[in-house]
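Below: the structure, in structure tokens.
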Amino acid sequence: MIEILTDFLKTWRKKNEILAFLKESYGNINERTFRIEKEKWNKLYYEHKTDKCIVHSNELGYKLTDNPKEIILMETDFIKRAKDMLYKAYNIKRARLENNNYSFEDFMEEQKKFDATNTEQSKN
């Protein structure tokens with residue numbers, strides 16, 4: 001599906017423009033389907049099977065590009081969001097443990113279990 005967007009996404013396009021274009025071409029395509037297809041395309045980029053990546057900007061929308069500066073902007077945004085999510089997760093965990101009167105040893109034990117689970121999941 002994304003293949004028909006290669007010419008359309010040479011310039012920045014907002015999501016509603018893309019969905020309208022896809023609706024004309026494919027019928028009723030929803031936002032979730034577009035996101036899934038976008039991720040499939042970007043996976044090809046990650047695997048070096050294509051030289052273009054679909055980048056996203058809150059202000060500009062989406063664009064298919066091989067411009068390193070545009071790709072770095074998206075990369076930086078992902079890193080910022082990941083840091084924000086880790087900070088929120090830490091605060092939730094800290095508050096939950098404090099609210100349940102966990103000791104530091106309980107915290108460390110729980111952290112070891114969490115690390116072991118995530119290490120195992122990252123191997124898959």
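Identifiers in this document derive from the order of the structure tokens: chains are assigned A, B, ..., residues are numbered from 1 separately in each chain, and ligands are numbered from 1 in order of occurrence.
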
Contacts of Ile18 in chain A at 10 Å or less, counting only C-alpha atoms, minus same-chain residues fewer than 3 places along, as a list in words?
->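 Here the qualifying residues turn out to be Leu5, Phe8, Leu9, Arg13, Lys14, Lys15, Phe21, Leu22, Lys23, Glu24, Ile29, Glu31, Phe34, Gly61 and Tyr62 of chain A.
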
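Near Asn42 in chain A, within 12 Å and counting only C-alpha atoms, sit Ile2, Arg35, Ile36, Glu37, Lys38, Glu39, Lys40, Leu44, Tyr45, Tyr46, Glu47, His48, Lys49, Thr50, Asp51, Lys52, Cys53, Ile54, Val55, His56, Lys63, Leu64, Thr65, Asp66, Ile71 and Met74 of chain A, not including residues fewer than 2 positions from it in the same chain.
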
Convert the current residue selection to file output with N, CA and C atoms, as a PDB file, in the first residue's frame.
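The new file result16.pdb reads:
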ATOM      1  N   ILE A   2       1.931   1.266   0.779  1.00  0.00           N
ATOM      2  CA  ILE A   2       2.780   2.446   0.873  1.00  0.00           C
ATOM      3  C   ILE A   2       3.426   2.757  -0.474  1.00  0.00           C
ATOM      4  N   ARG A  35      -0.719   3.456   9.975  1.00  0.00           N
ATOM      5  CA  ARG A  35       0.410   3.353  10.917  1.00  0.00           C
ATOM      6  C   ARG A  35       1.115   2.008  10.784  1.00  0.00           C
ATOM      7  N   ILE A  36       0.340   0.937  10.646  1.00  0.00           N
ATOM      8  CA  ILE A  36       0.922  -0.399  10.504  1.00  0.00           C
ATOM      9  C   ILE A  36       1.751  -0.475   9.222  1.00  0.00           C
ATOM     10  N   GLU A  37       1.199   0.034   8.127  1.00  0.00           N
ATOM     11  CA  GLU A  37       1.925   0.016   6.856  1.00  0.00           C
ATOM     12  C   GLU A  37       3.172   0.888   6.910  1.00  0.00           C
ATOM     13  N   LYS A  38       3.079   2.019   7.593  1.00  0.00           N
ATOM     14  CA  LYS A  38       4.242   2.904   7.759  1.00  0.00           C
ATOM     15  C   LYS A  38       5.344   2.175   8.520  1.00  0.00           C
ATOM     16  N   GLU A  39       4.972   1.463   9.576  1.00  0.00           N
ATOM     17  CA  GLU A  39       5.967   0.707  10.338  1.00  0.00           C
ATOM     18  C   GLU A  39       6.585  -0.408   9.511  1.00  0.00           C
ATOM     19  N   LYS A  40       5.782  -1.062   8.677  1.00  0.00           N
ATOM     20  CA  LYS A  40       6.328  -2.100   7.789  1.00  0.00           C
ATOM     21  C   LYS A  40       7.365  -1.496   6.843  1.00  0.00           C
ATOM     22  N   LEU A  44      11.665  -1.997   6.607  1.00  0.00           N
ATOM     23  CA  LEU A  44      12.512  -2.231   5.430  1.00  0.00           C
ATOM     24  C   LEU A  44      13.719  -1.304   5.457  1.00  0.00           C
ATOM     25  N   TYR A  45      13.514  -0.068   5.896  1.00  0.00           N
ATOM     26  CA  TYR A  45      14.625   0.881   6.015  1.00  0.00           C
ATOM     27  C   TYR A  45      15.619   0.387   7.071  1.00  0.00           C
ATOM     28  N   TYR A  46      15.105  -0.056   8.236  1.00  0.00           N
ATOM     29  CA  TYR A  46      15.982  -0.543   9.306  1.00  0.00           C
ATOM     30  C   TYR A  46      16.814  -1.732   8.836  1.00  0.00           C
ATOM     31  N   GLU A  47      16.219  -2.547   7.952  1.00  0.00           N
ATOM     32  CA  GLU A  47      16.899  -3.746   7.449  1.00  0.00           C
ATOM     33  C   GLU A  47      17.709  -3.460   6.180  1.00  0.00           C
ATOM     34  N   HIS A  48      17.820  -2.200   5.792  1.00  0.00           N
ATOM     35  CA  HIS A  48      18.596  -1.763   4.627  1.00  0.00           C
ATOM     36  C   HIS A  48      18.051  -2.317   3.310  1.00  0.00           C
ATOM     37  N   LYS A  49      16.730  -2.543   3.259  1.00  0.00           N
ATOM     38  CA  LYS A  49      16.103  -3.028   2.034  1.00  0.00           C
ATOM     39  C   LYS A  49      15.543  -1.878   1.194  1.00  0.00           C
ATOM     40  N   THR A  50      15.520  -0.680   1.768  1.00  0.00           N
ATOM     41  CA  THR A  50      15.167   0.534   1.047  1.00  0.00           C
ATOM     42  C   THR A  50      16.014   1.672   1.616  1.00  0.00           C
ATOM     43  N   ASP A  51      16.217   2.692   0.815  1.00  0.00           N
ATOM     44  CA  ASP A  51      17.045   3.802   1.296  1.00  0.00           C
ATOM     45  C   ASP A  51      16.205   4.979   1.792  1.00  0.00           C
ATOM     46  N   LYS A  52      14.891   4.817   1.796  1.00  0.00           N
ATOM     47  CA  LYS A  52      14.011   5.898   2.239  1.00  0.00           C
ATOM     48  C   LYS A  52      13.213   5.470   3.462  1.00  0.00           C
ATOM     49  N   CYS A  53      12.967   6.450   4.305  1.00  0.00           N
ATOM     50  CA  CYS A  53      12.262   6.239   5.573  1.00  0.00           C
ATOM     51  C   CYS A  53      11.062   7.186   5.606  1.00  0.00           C
ATOM     52  N   ILE A  54       9.954   6.756   6.188  1.00  0.00           N
ATOM     53  CA  ILE A  54       8.819   7.659   6.371  1.00  0.00           C
ATOM     54  C   ILE A  54       9.013   8.335   7.718  1.00  0.00           C
ATOM     55  N   VAL A  55       9.292   9.632   7.666  1.00  0.00           N
ATOM     56  CA  VAL A  55       9.529  10.402   8.883  1.00  0.00           C
ATOM     57  C   VAL A  55       8.255  11.144   9.270  1.00  0.00           C
ATOM     58  N   HIS A  56       8.196  11.546  10.530  1.00  0.00           N
ATOM     59  CA  HIS A  56       7.026  12.235  11.049  1.00  0.00           C
ATOM     60  C   HIS A  56       7.449  13.474  11.819  1.00  0.00           C
ATOM     61  N   LYS A  63       6.579  12.371   5.648  1.00  0.00           N
ATOM     62  CA  LYS A  63       7.318  12.510   4.404  1.00  0.00           C
ATOM     63  C   LYS A  63       8.189  11.276   4.200  1.00  0.00           C
ATOM     64  N   LEU A  64       8.275  10.821   2.960  1.00  0.00           N
ATOM     65  CA  LEU A  64       9.178   9.731   2.590  1.00  0.00           C
ATOM     66  C   LEU A  64      10.489  10.370   2.164  1.00  0.00           C
ATOM     67  N   THR A  65      11.574  10.057   2.856  1.00  0.00           N
ATOM     68  CA  THR A  65      12.819  10.773   2.617  1.00  0.00           C
ATOM     69  C   THR A  65      14.040   9.885   2.815  1.00  0.00           C
ATOM     70  N   ASP A  66      15.122  10.307   2.178  1.00  0.00           N
ATOM     71  CA  ASP A  66      16.426   9.721   2.464  1.00  0.00           C
ATOM     72  C   ASP A  66      17.374  10.802   2.994  1.00  0.00           C
ATOM     73  N   ILE A  71      15.720  12.475   8.945  1.00  0.00           N
ATOM     74  CA  ILE A  71      15.688  11.205   9.676  1.00  0.00           C
ATOM     75  C   ILE A  71      16.206  11.408  11.105  1.00  0.00           C
ATOM     76  N   MET A  74      13.536  12.768  13.413  1.00  0.00           N
ATOM     77  CA  MET A  74      12.615  11.736  13.909  1.00  0.00           C
ATOM     78  C   MET A  74      13.297  10.891  14.987  1.00  0.00           C
TER      79      MET A  74
END

As a PyMOL selection string, which residues of range 10-100 of chain A does DSSP assign to strand (DSSP E or B)?
-> chain A and resi 13+53-57+61-65

Quick one: distance from CA of Glu98 in chain A to CA of Glu120 in chain A in Å, one decimal?
-> 27.6 Å

Proximity to Gln111 in chain A - best of A:Glu17, A:Leu60, A:Asn99, A:Lys93, only C-alpha atoms | A:Lys93
